file run-v8.pdb (PDB, C-alpha atoms)
MODEL        1
ATOM      1  CA  MET A   1       0.000   0.000   0.000
ATOM      2  CA  ARG A   2       1.339   3.417  -0.927
ATOM      3  CA  LEU A   3       1.525   6.162   1.698
ATOM      4  CA  SER A   4      -1.211   8.187  -0.022
ATOM      5  CA  GLU A   5      -3.529   5.157   0.028
ATOM      6  CA  ALA A   6      -2.800   4.488   3.677
ATOM      7  CA  ARG A   7      -3.573   8.087   4.634
ATOM      8  CA  SER A   8      -6.755   7.988   2.572
ATOM      9  CA  THR A   9      -7.830   4.865   4.450
ATOM     10  CA  GLN A  10      -7.042   6.493   7.762
ATOM     11  CA  SER A  11      -9.086   9.540   6.750
ATOM     12  CA  ASN A  12     -12.105   7.337   6.014
ATOM     13  CA  LYS A  13     -11.700   5.677   9.397
ATOM     14  CA  GLY A  14     -12.001   9.092  10.977
ATOM     15  CA  LEU A  15     -15.683   9.103   9.940
ATOM     16  CA  ARG A  16     -16.279   6.054  12.099
ATOM     17  CA  TRP A  17     -14.688   7.801  15.073
ATOM     18  CA  GLY A  18     -17.492  10.346  14.967
ATOM     19  CA  GLY A  19     -19.979   7.750  16.211
ATOM     20  CA  CYS A  20     -21.626   7.241  12.816
ATOM     21  CA  GLY A  21     -20.590   4.332  10.625
ATOM     22  CA  PHE A  22     -19.208   5.156   7.194
ATOM     23  CA  GLU A  23     -21.975   3.107   5.595
ATOM     24  CA  SER A  24     -24.620   5.048   7.519
ATOM     25  CA  PHE A  25     -22.976   8.279   6.461
ATOM     26  CA  GLN A  26     -23.227   7.211   2.807
ATOM     27  CA  ARG A  27     -26.941   6.491   3.238
ATOM     28  CA  HIS A  28     -27.462   9.940   4.777
ATOM     29  CA  GLN A  29     -25.587  11.414   1.834
ATOM     30  CA  GLN A  30     -27.847   9.696  -0.713
ATOM     31  CA  TRP A  31     -31.023  10.703   1.174
ATOM     32  CA  LEU A  32     -30.010  14.340   1.472
ATOM     33  CA  LYS A  33     -28.992  14.572  -2.173
ATOM     34  CA  SER A  34     -32.390  13.284  -3.261
ATOM     35  CA  ASN A  35     -34.479  15.298  -0.816
ATOM     36  CA  LYS A  36     -32.659  18.572  -0.097
ATOM     37  CA  ASP A  37     -30.747  21.293  -1.892
ATOM     38  CA  GLY A  38     -27.504  20.000  -0.432
ATOM     39  CA  SER A  39     -26.909  22.545   2.317
ATOM     40  CA  GLU A  40     -27.908  20.146   5.082
ATOM     41  CA  PHE A  41     -25.683  17.477   3.560
ATOM     42  CA  VAL A  42     -22.721  19.832   3.644
ATOM     43  CA  PHE A  43     -23.472  20.752   7.250
ATOM     44  CA  ILE A  44     -23.744  17.112   8.377
ATOM     45  CA  ARG A  45     -20.649  16.134   6.452
ATOM     46  CA  LEU A  46     -18.610  18.932   8.025
ATOM     47  CA  THR A  47     -19.978  18.090  11.466
ATOM     48  CA  LEU A  48     -19.041  14.422  11.145
ATOM     49  CA  TYR A  49     -15.622  15.335   9.791
ATOM     50  CA  LYS A  50     -14.947  17.657  12.724
ATOM     51  CA  MET A  51     -16.158  15.033  15.196
ATOM     52  CA  GLY A  52     -13.892  12.452  13.614
ATOM     53  CA  LYS A  53     -10.934  14.818  13.486
ATOM     54  CA  SER A  54     -11.473  15.848  17.106
ATOM     55  CA  ARG A  55     -11.638  12.216  18.150
ATOM     56  CA  ALA A  56      -8.494  11.375  16.176
ATOM     57  CA  ASP A  57      -6.613  14.297  17.785
ATOM     58  CA  GLU A  58      -7.603  13.254  21.305
ATOM     59  CA  LYS A  59      -4.566  12.858  23.572
ATOM     60  CA  ILE A  60      -4.348   9.317  24.911
ATOM     61  CA  LEU A  61      -0.902   9.138  26.508
ATOM     62  CA  SER A  62       1.888  11.400  27.691
ATOM     63  CA  TYR A  63       5.133   9.469  27.988
ATOM     64  CA  ASN A  64       8.220  11.423  28.996
ATOM     65  CA  ASP A  65       8.129  14.301  26.473
ATOM     66  CA  VAL A  66       6.000  12.477  23.891
ATOM     67  CA  VAL A  67       2.247  12.947  23.484
ATOM     68  CA  LEU A  68       0.375  10.228  21.569
ATOM     69  CA  ARG A  69      -3.063  10.705  20.040
ATOM     70  CA  ARG A  70      -5.872   8.308  19.238
ATOM     71  CA  SER A  71      -5.017   8.349  15.536
ATOM     72  CA  ASP A  72      -1.662   6.792  16.421
ATOM     73  CA  LEU A  73      -3.453   3.690  17.694
ATOM     74  CA  ASP A  74      -5.209   3.361  14.368
ATOM     75  CA  ILE A  75      -1.884   3.562  12.515
ATOM     76  CA  LEU A  76      -0.524   0.731  14.646
ATOM     77  CA  SER A  77      -3.709  -1.313  14.251
ATOM     78  CA  GLY A  78      -3.379  -1.542  10.481
ATOM     79  CA  PRO A  79      -0.715  -1.881   7.818
ATOM     80  CA  TYR A  80       0.167   1.816   7.758
ATOM     81  CA  TYR A  81       3.327   3.917   7.534
ATOM     82  CA  LEU A  82       4.528   4.981  11.008
ATOM     83  CA  ASN A  83       4.497   8.681  11.814
ATOM     84  CA  ASP A  84       7.194  10.535  13.737
ATOM     85  CA  ARG A  85       5.205  10.486  17.007
ATOM     86  CA  ILE A  86       5.220   6.700  17.184
ATOM     87  CA  ILE A  87       8.926   6.482  16.385
ATOM     88  CA  GLU A  88       9.690   9.195  18.943
ATOM     89  CA  PHE A  89       7.621   7.330  21.540
ATOM     90  CA  TYR A  90       9.461   4.074  20.951
ATOM     91  CA  PHE A  91      12.855   5.784  21.029
ATOM     92  CA  SER A  92      11.864   7.378  24.330
ATOM     93  CA  TYR A  93      10.797   3.964  25.620
ATOM     94  CA  LEU A  94      14.145   2.444  24.596
ATOM     95  CA  SER A  95      15.911   5.295  26.387
ATOM     96  CA  SER A  96      13.961   4.415  29.543
ATOM     97  CA  CYS A  97      14.919   0.759  29.144
ATOM     98  CA  HIS A  98      18.585   1.660  28.656
ATOM     99  CA  PRO A  99      19.146   4.768  30.831
ATOM    100  CA  SER A 100      22.904   4.814  30.206
ATOM    101  CA  GLN A 101      24.381   8.276  29.771
ATOM    102  CA  ASP A 102      26.477   7.085  26.819
ATOM    103  CA  ILE A 103      23.424   6.235  24.652
ATOM    104  CA  LEU A 104      21.405   8.875  22.796
ATOM    105  CA  LEU A 105      18.309   8.161  20.721
ATOM    106  CA  VAL A 106      17.536  11.321  18.777
ATOM    107  CA  PRO A 107      13.851  12.198  18.154
ATOM    108  CA  PRO A 108      12.769  12.307  14.484
ATOM    109  CA  SER A 109      12.012  16.037  14.580
ATOM    110  CA  ILE A 110      15.519  16.802  15.848
ATOM    111  CA  ALA A 111      17.161  14.608  13.219
ATOM    112  CA  PHE A 112      15.069  16.260  10.511
ATOM    113  CA  TRP A 113      16.047  19.742  11.684
ATOM    114  CA  ILE A 114      19.736  18.797  11.709
ATOM    115  CA  ILE A 115      19.479  17.703   8.072
ATOM    116  CA  GLN A 116      17.639  20.839   6.988
ATOM    117  CA  CYS A 117      19.457  23.463   9.073
ATOM    118  CA  PRO A 118      20.953  25.988   6.619
ATOM    119  CA  VAL A 119      23.071  27.981   9.094
ATOM    120  CA  THR A 120      26.228  26.518  10.621
ATOM    121  CA  GLU A 121      26.156  28.785  13.675
ATOM    122  CA  ALA A 122      22.560  27.846  14.418
ATOM    123  CA  LEU A 123      23.396  24.150  14.070
ATOM    124  CA  ARG A 124      26.293  24.426  16.514
ATOM    125  CA  ASP A 125      24.079  26.021  19.147
ATOM    126  CA  PHE A 126      21.339  23.479  18.490
ATOM    127  CA  LEU A 127      23.643  20.442  18.836
ATOM    128  CA  GLU A 128      25.367  21.606  22.019
ATOM    129  CA  PRO A 129      22.650  20.350  24.448
ATOM    130  CA  LEU A 130      22.829  16.880  22.865
ATOM    131  CA  HIS A 131      26.409  16.424  24.156
ATOM    132  CA  LEU A 132      27.281  14.269  21.158
ATOM    133  CA  SER A 133      30.960  14.168  22.101
ATOM    134  CA  ASP A 134      30.061  12.358  25.349
ATOM    135  CA  LYS A 135      28.062   9.573  23.691
ATOM    136  CA  THR A 136      29.289   6.149  22.668
ATOM    137  CA  LEU A 137      26.157   5.222  20.738
ATOM    138  CA  VAL A 138      23.860   7.669  18.930
ATOM    139  CA  LEU A 139      20.837   6.674  16.827
ATOM    140  CA  PHE A 140      19.244   9.043  14.300
ATOM    141  CA  PRO A 141      15.959   8.238  12.504
ATOM    142  CA  ILE A 142      16.153   9.462   8.896
ATOM    143  CA  ASN A 143      13.165  10.605   6.816
ATOM    144  CA  ASP A 144      13.320  11.497   3.119
ATOM    145  CA  ASN A 145      11.135  14.598   3.478
ATOM    146  CA  ASP A 146      13.056  17.552   2.054
ATOM    147  CA  ASP A 147      10.380  20.218   2.540
ATOM    148  CA  VAL A 148      10.507  21.999   5.907
ATOM    149  CA  ASN A 149       7.100  23.551   5.207
ATOM    150  CA  LYS A 150       5.369  20.196   4.695
ATOM    151  CA  ALA A 151       4.141  18.578   7.886
ATOM    152  CA  GLU A 152       4.223  14.772   7.910
ATOM    153  CA  GLY A 153       5.999  14.779   4.567
ATOM    154  CA  GLY A 154       8.267  12.062   3.251
ATOM    155  CA  SER A 155       7.603   8.455   2.378
ATOM    156  CA  HIS A 156      10.469   6.452   3.874
ATOM    157  CA  TRP A 157      12.275   5.939   7.197
ATOM    158  CA  SER A 158      15.762   4.566   7.799
ATOM    159  CA  LEU A 159      18.263   4.554  10.681
ATOM    160  CA  LEU A 160      21.722   6.087  11.020
ATOM    161  CA  ALA A 161      23.759   4.711  13.937
ATOM    162  CA  TYR A 162      26.998   6.189  15.274
ATOM    163  CA  TYR A 163      29.327   3.968  17.320
ATOM    164  CA  ARG A 164      32.313   5.748  18.831
ATOM    165  CA  ASN A 165      34.426   2.654  19.519
ATOM    166  CA  ALA A 166      34.480   1.899  15.790
ATOM    167  CA  ASN A 167      34.627   5.580  14.771
ATOM    168  CA  LEU A 168      31.800   4.839  12.371
ATOM    169  CA  PHE A 169      28.345   5.920  11.183
ATOM    170  CA  VAL A 170      26.289   2.992   9.842
ATOM    171  CA  HIS A 171      23.193   3.529   7.719
ATOM    172  CA  HIS A 172      20.478   0.859   7.887
ATOM    173  CA  ASP A 173      17.919   1.177   5.090
ATOM    174  CA  SER A 174      15.219  -1.475   4.678
ATOM    175  CA  CYS A 175      14.750  -0.359   1.046
ATOM    176  CA  GLY A 176      18.330  -0.592  -0.169
ATOM    177  CA  ASN A 177      19.863   2.850  -0.637
ATOM    178  CA  MET A 178      16.623   4.854  -0.845
ATOM    179  CA  ASN A 179      17.630   7.170   2.028
ATOM    180  CA  THR A 180      21.354   7.346   1.360
ATOM    181  CA  ALA A 181      21.219  11.034   0.406
ATOM    182  CA  PRO A 182      19.484  12.368   3.573
ATOM    183  CA  SER A 183      21.532  10.046   5.791
ATOM    184  CA  LYS A 184      24.760  11.435   4.305
ATOM    185  CA  GLN A 185      23.431  14.956   4.802
ATOM    186  CA  LEU A 186      22.994  14.276   8.498
ATOM    187  CA  TYR A 187      26.383  12.568   8.713
ATOM    188  CA  LYS A 188      28.109  15.577   7.161
ATOM    189  CA  ALA A 189      26.196  17.941   9.456
ATOM    190  CA  VAL A 190      27.212  16.250  12.737
ATOM    191  CA  VAL A 191      30.510  14.453  12.072
ATOM    192  CA  ASP A 192      32.629  17.422  13.177
ATOM    193  CA  TYR A 193      30.689  17.674  16.444
ATOM    194  CA  MET A 194      31.112  14.042  17.563
ATOM    195  CA  GLY A 195      34.386  14.712  19.372
ATOM    196  CA  SER A 196      37.446  12.479  19.480
ATOM    197  CA  SER A 197      37.029   8.728  19.151
ATOM    198  CA  GLY A 198      40.618   8.041  20.159
ATOM    199  CA  LEU A 199      41.298   6.634  16.687
ATOM    200  CA  GLY A 200      42.803   9.854  15.384
ATOM    201  CA  SER A 201      40.570  10.508  12.408
ATOM    202  CA  LYS A 202      37.110  11.729  11.450
ATOM    203  CA  ALA A 203      34.350   9.113  11.698
ATOM    204  CA  SER A 204      33.529   7.429   8.393
ATOM    205  CA  PHE A 205      30.187   6.547   6.795
ATOM    206  CA  LEU A 206      29.104   2.990   5.944
ATOM    207  CA  GLU A 207      26.039   2.001   3.945
ATOM    208  CA  CYS A 208      25.057  -1.387   5.395
ATOM    209  CA  ILE A 209      24.117  -3.247   2.214
ATOM    210  CA  ASP A 210      23.243  -6.378   4.204
ATOM    211  CA  SER A 211      20.723  -4.580   6.420
ATOM    212  CA  PRO A 212      17.362  -6.373   6.948
ATOM    213  CA  LYS A 213      14.947  -5.603   4.095
ATOM    214  CA  GLN A 214      11.211  -4.978   4.196
ATOM    215  CA  GLU A 215       8.803  -6.924   1.991
ATOM    216  CA  ASN A 216       6.070  -4.301   1.688
ATOM    217  CA  GLY A 217       5.660  -0.571   1.226
ATOM    218  CA  TYR A 218       4.747   0.509   4.755
ATOM    219  CA  ASP A 219       6.940  -1.186   7.412
ATOM    220  CA  CYS A 220      10.061   0.993   7.067
ATOM    221  CA  GLY A 221       9.383   2.766  10.371
ATOM    222  CA  LEU A 222       9.032  -0.566  12.148
ATOM    223  CA  TYR A 223      12.397  -1.656  10.761
ATOM    224  CA  VAL A 224      13.860   1.505  12.280
ATOM    225  CA  THR A 225      12.424   0.684  15.718
ATOM    226  CA  ALA A 226      13.370  -3.004  15.473
ATOM    227  CA  ILE A 227      16.982  -2.348  14.431
ATOM    228  CA  ALA A 228      17.301   0.392  17.067
ATOM    229  CA  ARG A 229      16.224  -2.114  19.729
ATOM    230  CA  VAL A 230      18.758  -4.679  18.518
ATOM    231  CA  ILE A 231      21.580  -2.131  18.523
ATOM    232  CA  CYS A 232      20.757  -0.901  22.027
ATOM    233  CA  ASN A 233      20.565  -4.456  23.386
ATOM    234  CA  TRP A 234      23.829  -5.351  21.669
ATOM    235  CA  HIS A 235      25.562  -2.314  23.126
ATOM    236  CA  VAL A 236      24.339  -2.958  26.666
ATOM    237  CA  ASN A 237      24.699  -6.737  26.770
ATOM    238  CA  SER A 238      27.809  -7.507  24.735
ATOM    239  CA  LYS A 239      31.461  -6.824  25.404
ATOM    240  CA  ASN A 240      31.726  -4.993  22.052
ATOM    241  CA  THR A 241      35.250  -6.282  21.461
ATOM    242  CA  ASP A 242      34.901  -6.883  17.706
ATOM    243  CA  THR A 243      34.465  -3.526  15.991
ATOM    244  CA  ASN A 244      34.350  -5.233  12.592
ATOM    245  CA  GLU A 245      31.268  -7.307  13.365
ATOM    246  CA  LEU A 246      29.380  -4.802  15.513
ATOM    247  CA  TRP A 247      25.628  -5.587  15.744
ATOM    248  CA  PHE A 248      25.247  -6.743  12.141
ATOM    249  CA  SER A 249      24.731 -10.469  12.767
ATOM    250  CA  ALA A 250      22.292  -9.761  15.611
ATOM    251  CA  ALA A 251      20.225  -7.488  13.369
ATOM    252  CA  LYS A 252      20.171 -10.011  10.538
ATOM    253  CA  GLU A 253      19.109 -12.788  12.898
ATOM    254  CA  GLN A 254      16.503 -10.897  14.908
ATOM    255  CA  VAL A 255      14.995  -8.377  12.463
ATOM    256  CA  THR A 256      12.997 -10.625  10.144
ATOM    257  CA  PRO A 257       9.734  -9.775   8.330
ATOM    258  CA  SER A 258       7.751 -11.896  10.813
ATOM    259  CA  ALA A 259       9.446 -10.297  13.826
ATOM    260  CA  VAL A 260       8.791  -6.832  12.420
ATOM    261  CA  ALA A 261       5.131  -7.697  11.802
ATOM    262  CA  CYS A 262       4.826  -8.734  15.454
ATOM    263  CA  MET A 263       6.484  -5.507  16.564
ATOM    264  CA  ARG A 264       3.527  -3.467  15.358
ATOM    265  CA  SER A 265       1.241  -5.258  17.824
ATOM    266  CA  GLU A 266       3.965  -5.149  20.510
ATOM    267  CA  ILE A 267       4.155  -1.347  20.359
ATOM    268  CA  LEU A 268       0.359  -1.103  20.343
ATOM    269  CA  ALA A 269       0.130  -3.378  23.402
ATOM    270  CA  LEU A 270       2.844  -1.343  25.140
ATOM    271  CA  ILE A 271       0.899   1.889  24.597
ATOM    272  CA  ARG A 272      -2.338   0.307  25.854
ATOM    273  CA  ASP A 273      -0.555  -1.024  28.949
ATOM    274  CA  LEU A 274       0.866   2.420  29.708
ATOM    275  CA  MET A 275      -2.570   3.963  29.204
ATOM    276  CA  ALA A 276      -4.095   1.463  31.632
ATOM    277  CA  THR A 277      -1.343   2.129  34.176
ATOM    278  CA  ASN A 278      -1.984   5.882  33.963
ATOM    279  CA  GLN A 279      -5.712   5.345  34.480
ATOM    280  CA  ARG A 280      -5.070   3.276  37.617
ATOM    281  CA  ALA A 281      -2.624   5.799  39.039
ATOM    282  CA  PRO A 282      -4.046   8.102  41.753
ATOM    283  CA  GLN A 283      -4.865  11.572  40.479
TER     284      GLN A 283
ENDMDL
END
call {"tool": "encode", "arguments": {"input": "run-v8.pdb", "output": "C-alpha cells"}}
result
Amino acid sequence: MRLSEARSTQSNKGLRWGGCGFESFQRHQQWLKSNKDGSEFVFIRLTLYKMGKSRADEKILSYNDVVLRRSDLDILSGPYYLNDRIIEFYFSYLSSCHPSQDILLVPPSIAFWIIQCPVTEALRDFLEPLHLSDKTLVLFPINDNDDVNKAEGGSHWSLLAYYRNANLFVHHDSCGNMNTAPSKQLYKAVVDYMGSSGLGSKASFLECIDSPKQENGYDCGLYVTAIARVICNWHVNSKNTDTNELWFSAAKEQVTPSAVACMRSEILALIRDLMATNQRAPQ
C-alpha cells in the first residue's frame, strides 16, 4: 500500500470515530442529495468530519516528552506507515529501558532539523545540548522529506547509527539505498561535532548493504524501531570487542519480516498497557 492510500484509508476511518458508521454516512448522503438542496448534507458532512478529526486528535498518553493521540493507535492497528510520534515514543521507551548516559536516541524532529538546518552557527548552538561528544552510541531516525514547510511529509524511514568505539556511522535502510542522500546529509552535518574517538581521524560513513529488508511498502518505520532495539541491546549486553562485526549479525538474525510484523502489535500493546497504568494511578 502506498503512503497516499494508507492516509486515505485512515481519513475514512475518521468518519467512524465520529460515532456514525461510514456506511450510515453514505446512506445519509444519498437521502439528502435526493431530498434537499444539499446545504444540510454539507453541514452534516462537516460536522461528522470535525467530530472524527477531534476524536483522532484526542490525547491518549503522555510518555516522557511524547504525546500520543488516538489516531496513532489506528496507525498501529493496520498496515500503515509509522508517523514521527510513534517512532519518537518508541525511542523514548528504549531510552527508559537503557538509561545509560552514553546512549542517545535522537527524536525524528531533531534529526530532521539537523538535516535541513541551513546555518552553521545555528546548528552548533542546536547540537550543544545533545552532548554528542560524550556519547558512545547515537541513533538518528532518517526521513526522506526535504520540505521543511510540509508537515508529515516524506515516504520512507531509515536509521543512522553512530558507534564511537568503531569511529563509524552505519546507515540501515530497509529499502536498499533509498535514504542514502538524507543520511549522508545528516552525517556531514554532525561528524565534526562528535568529538574524538581516540582513533585519530574523522568518523567514516558505511552504507550497510546487508541490512534487513522490508517486503512491503509501509513497514520501514518498524524496521527503524526493530533495528534500534537490537543495537541498544547489543551495546548494553555484549562486550563490544569486535568492531568489525558490531551488531550486524544480531540485526540479521533478529529483524525478520515476521518479527517486524509482530512488533507493530507489541508497540500497540505497550501503549495500551501504559494507558491502563496511567488510568489506575491516583490523580
call {"tool": "closest_residue", "arguments": {"input": "run-v8.pdb", "among": "A:Val106, A:Ala122, A:Val67, A:Ile87", "to": "Leu139 of chain A", "atoms": "all atoms listed in the file"}}
result
A:Val106
call {"tool": "resolve_selection", "arguments": {"input": "run-v8.pdb", "expression": "the PyMOL selection byres ((chain A and resi 117-120) around 12)", "output": "number ranges by chain"}}
result
A: 109-116, 121-127, 146-148, 185-186, 188-190, 192-193
call {"tool": "closest_residue", "arguments": {"input": "run-v8.pdb", "among": "A:Lys239, A:Arg229, A:His171, A:Lys252", "to": "Tyr90 of chain A", "atoms": "only C-alpha atoms"}}
result
A:Arg229
call {"tool": "closest_residue", "arguments": {"input": "run-v8.pdb", "among": "A:Ser196, A:Gln254, A:Ala228, A:His156", "to": "Tyr93 of chain A", "atoms": "all atoms listed in the file"}}
result
A:Ala228
call {"tool": "residues_around", "arguments": {"input": "run-v8.pdb", "residues": "Asn64 of chain A", "least_positions_apart": "5", "cutoff": "12 Å", "atoms": "all atoms listed in the file", "output": "JSON, numbers by chain"}}
result
{"A": [88, 89, 90, 91, 92, 93, 94, 95, 96, 274]}
call {"tool": "resolve_selection", "arguments": {"input": "run-v8.pdb", "expression": "the PyMOL selection byres ((chain A and resi 142) around 8)", "output": "PyMOL selection string"}}
result
chain A and resi 108+111-112+140-141+143-144+157-160+179+182-183
call {"tool": "atom_distance", "arguments": {"input": "run-v8.pdb", "atom1": "atom CA of Gly217 of chain A", "atom2": "atom CA of Ile271 of chain A"}}
result
24.0 Å
call {"tool": "resolve_selection", "arguments": {"input": "run-v8.pdb", "expression": "the PyMOL selection byres ((chain A and resi 83) around 8)", "output": "tab-separated table (two decimals) with C-alpha atoms, keeping the file's coordinate frame"}}
result
chain	number	residue	atom	x	y	z
A	72	ASP	CA	-1.66	6.79	16.42
A	81	TYR	CA	3.33	3.92	7.53
A	82	LEU	CA	4.53	4.98	11.01
A	84	ASP	CA	7.19	10.54	13.74
A	85	ARG	CA	5.20	10.49	17.01
A	86	ILE	CA	5.22	6.70	17.18
A	87	ILE	CA	8.93	6.48	16.39
A	152	GLU	CA	4.22	14.77	7.91
A	221	GLY	CA	9.38	2.77	10.37
call {"tool": "closest_residue", "arguments": {"input": "run-v8.pdb", "among": "A:His172, A:Arg164, A:His131, A:His98", "to": "Cys232 of chain A", "atoms": "all atoms listed in the file"}}
result
A:His98
call {"tool": "closest_residue", "arguments": {"input": "run-v8.pdb", "among": "A:Asn145, A:Ile227, A:Glu128, A:Ser204", "to": "Ser249 of chain A", "atoms": "all atoms listed in the file"}}
result
A:Ile227
call {"tool": "residues_around", "arguments": {"input": "run-v8.pdb", "residues": "Leu168 of chain A", "least_positions_apart": "4", "cutoff": "10 Å", "atoms": "all atoms listed in the file", "output": "VMD selection string"}}
result
chain A and resid 161 to 164 191 197 202 to 206 243
call {"tool": "write_last_selection", "arguments": {"input": "run-v8.pdb", "atoms": "C-alpha atoms", "output": "PDB file, keeping the file's coordinate frame"}}
result
ATOM      1  CA  ALA A 161      23.759   4.711  13.937  1.00  0.00           C
ATOM      2  CA  TYR A 162      26.998   6.189  15.274  1.00  0.00           C
ATOM      3  CA  TYR A 163      29.327   3.968  17.320  1.00  0.00           C
ATOM      4  CA  ARG A 164      32.313   5.748  18.831  1.00  0.00           C
ATOM      5  CA  VAL A 191      30.510  14.453  12.072  1.00  0.00           C
ATOM      6  CA  SER A 197      37.029   8.728  19.151  1.00  0.00           C
ATOM      7  CA  LYS A 202      37.110  11.729  11.450  1.00  0.00           C
ATOM      8  CA  ALA A 203      34.350   9.113  11.698  1.00  0.00           C
ATOM      9  CA  SER A 204      33.529   7.429   8.393  1.00  0.00           C
ATOM     10  CA  PHE A 205      30.187   6.547   6.795  1.00  0.00           C
ATOM     11  CA  LEU A 206      29.104   2.990   5.944  1.00  0.00           C
ATOM     12  CA  THR A 243      34.465  -3.526  15.991  1.00  0.00           C
TER      13      THR A 243
END
call {"tool": "atom_distance", "arguments": {"input": "run-v8.pdb", "atom1": "atom CA of Leu268 of chain A", "atom2": "atom CA of Asp74 of chain A"}}
result
9.3 Å
call {"tool": "closest_residue", "arguments": {"input": "run-v8.pdb", "among": "A:Met194, A:Thr256, A:Gly154, A:Asn149", "to": "Lys135 of chain A", "atoms": "only C-alpha atoms"}}
result
A:Met194
call {"tool": "residues_around", "arguments": {"input": "run-v8.pdb", "residues": "Val236 of chain A", "least_positions_apart": "2", "cutoff": "12 Å", "atoms": "all atoms listed in the file", "output": "mmCIF file with C-alpha atoms, in the coordinates of the input"}}
result
data_model
loop_
_atom_site.group_PDB
_atom_site.id
_atom_site.type_symbol
_atom_site.label_atom_id
_atom_site.label_comp_id
_atom_site.auth_asym_id
_atom_site.auth_seq_id
_atom_site.Cartn_x
_atom_site.Cartn_y
_atom_site.Cartn_z
ATOM 1 C CA LEU A 94 14.145 2.444 24.596
ATOM 2 C CA SER A 95 15.911 5.295 26.387
ATOM 3 C CA CYS A 97 14.919 0.759 29.144
ATOM 4 C CA HIS A 98 18.585 1.660 28.656
ATOM 5 C CA PRO A 99 19.146 4.768 30.831
ATOM 6 C CA SER A 100 22.904 4.814 30.206
ATOM 7 C CA GLN A 101 24.381 8.276 29.771
ATOM 8 C CA ASP A 102 26.477 7.085 26.819
ATOM 9 C CA ILE A 103 23.424 6.235 24.652
ATOM 10 C CA THR A 136 29.289 6.149 22.668
ATOM 11 C CA LEU A 137 26.157 5.222 20.738
ATOM 12 C CA ARG A 229 16.224 -2.114 19.729
ATOM 13 C CA VAL A 230 18.758 -4.679 18.518
ATOM 14 C CA ILE A 231 21.580 -2.131 18.523
ATOM 15 C CA CYS A 232 20.757 -0.901 22.027
ATOM 16 C CA ASN A 233 20.565 -4.456 23.386
ATOM 17 C CA TRP A 234 23.829 -5.351 21.669
ATOM 18 C CA SER A 238 27.809 -7.507 24.735
ATOM 19 C CA LYS A 239 31.461 -6.824 25.404
ATOM 20 C CA ASN A 240 31.726 -4.993 22.052
ATOM 21 C CA TRP A 247 25.628 -5.587 15.744
#
call {"tool": "atom_distance", "arguments": {"input": "run-v8.pdb", "atom1": "atom CA of Asp134 of chain A", "atom2": "atom CA of Ser201 of chain A"}}
result
16.8 Å
call {"tool": "residues_around", "arguments": {"input": "run-v8.pdb", "residues": "Leu61 of chain A", "least_positions_apart": "4", "cutoff": "10 Å", "atoms": "all atoms listed in the file", "output": "list in words"}}
result
Val66, Val67, Leu68, Arg69, Arg70, Ile271, Arg272, Leu274, Met275, Ala276 and Asn278 of chain A
call {"tool": "residues_around", "arguments": {"input": "run-v8.pdb", "residues": "Glu266 of chain A", "least_positions_apart": "4", "cutoff": "12 Å", "atoms": "only C-alpha atoms", "output": "list in words"}}
result
Leu73, Leu76, Ser77, Tyr90, Leu222, Thr225, Ala226, Ala259, Val260, Ala261, Cys262, Leu270, Ile271, Arg272 and Asp273 of chain A
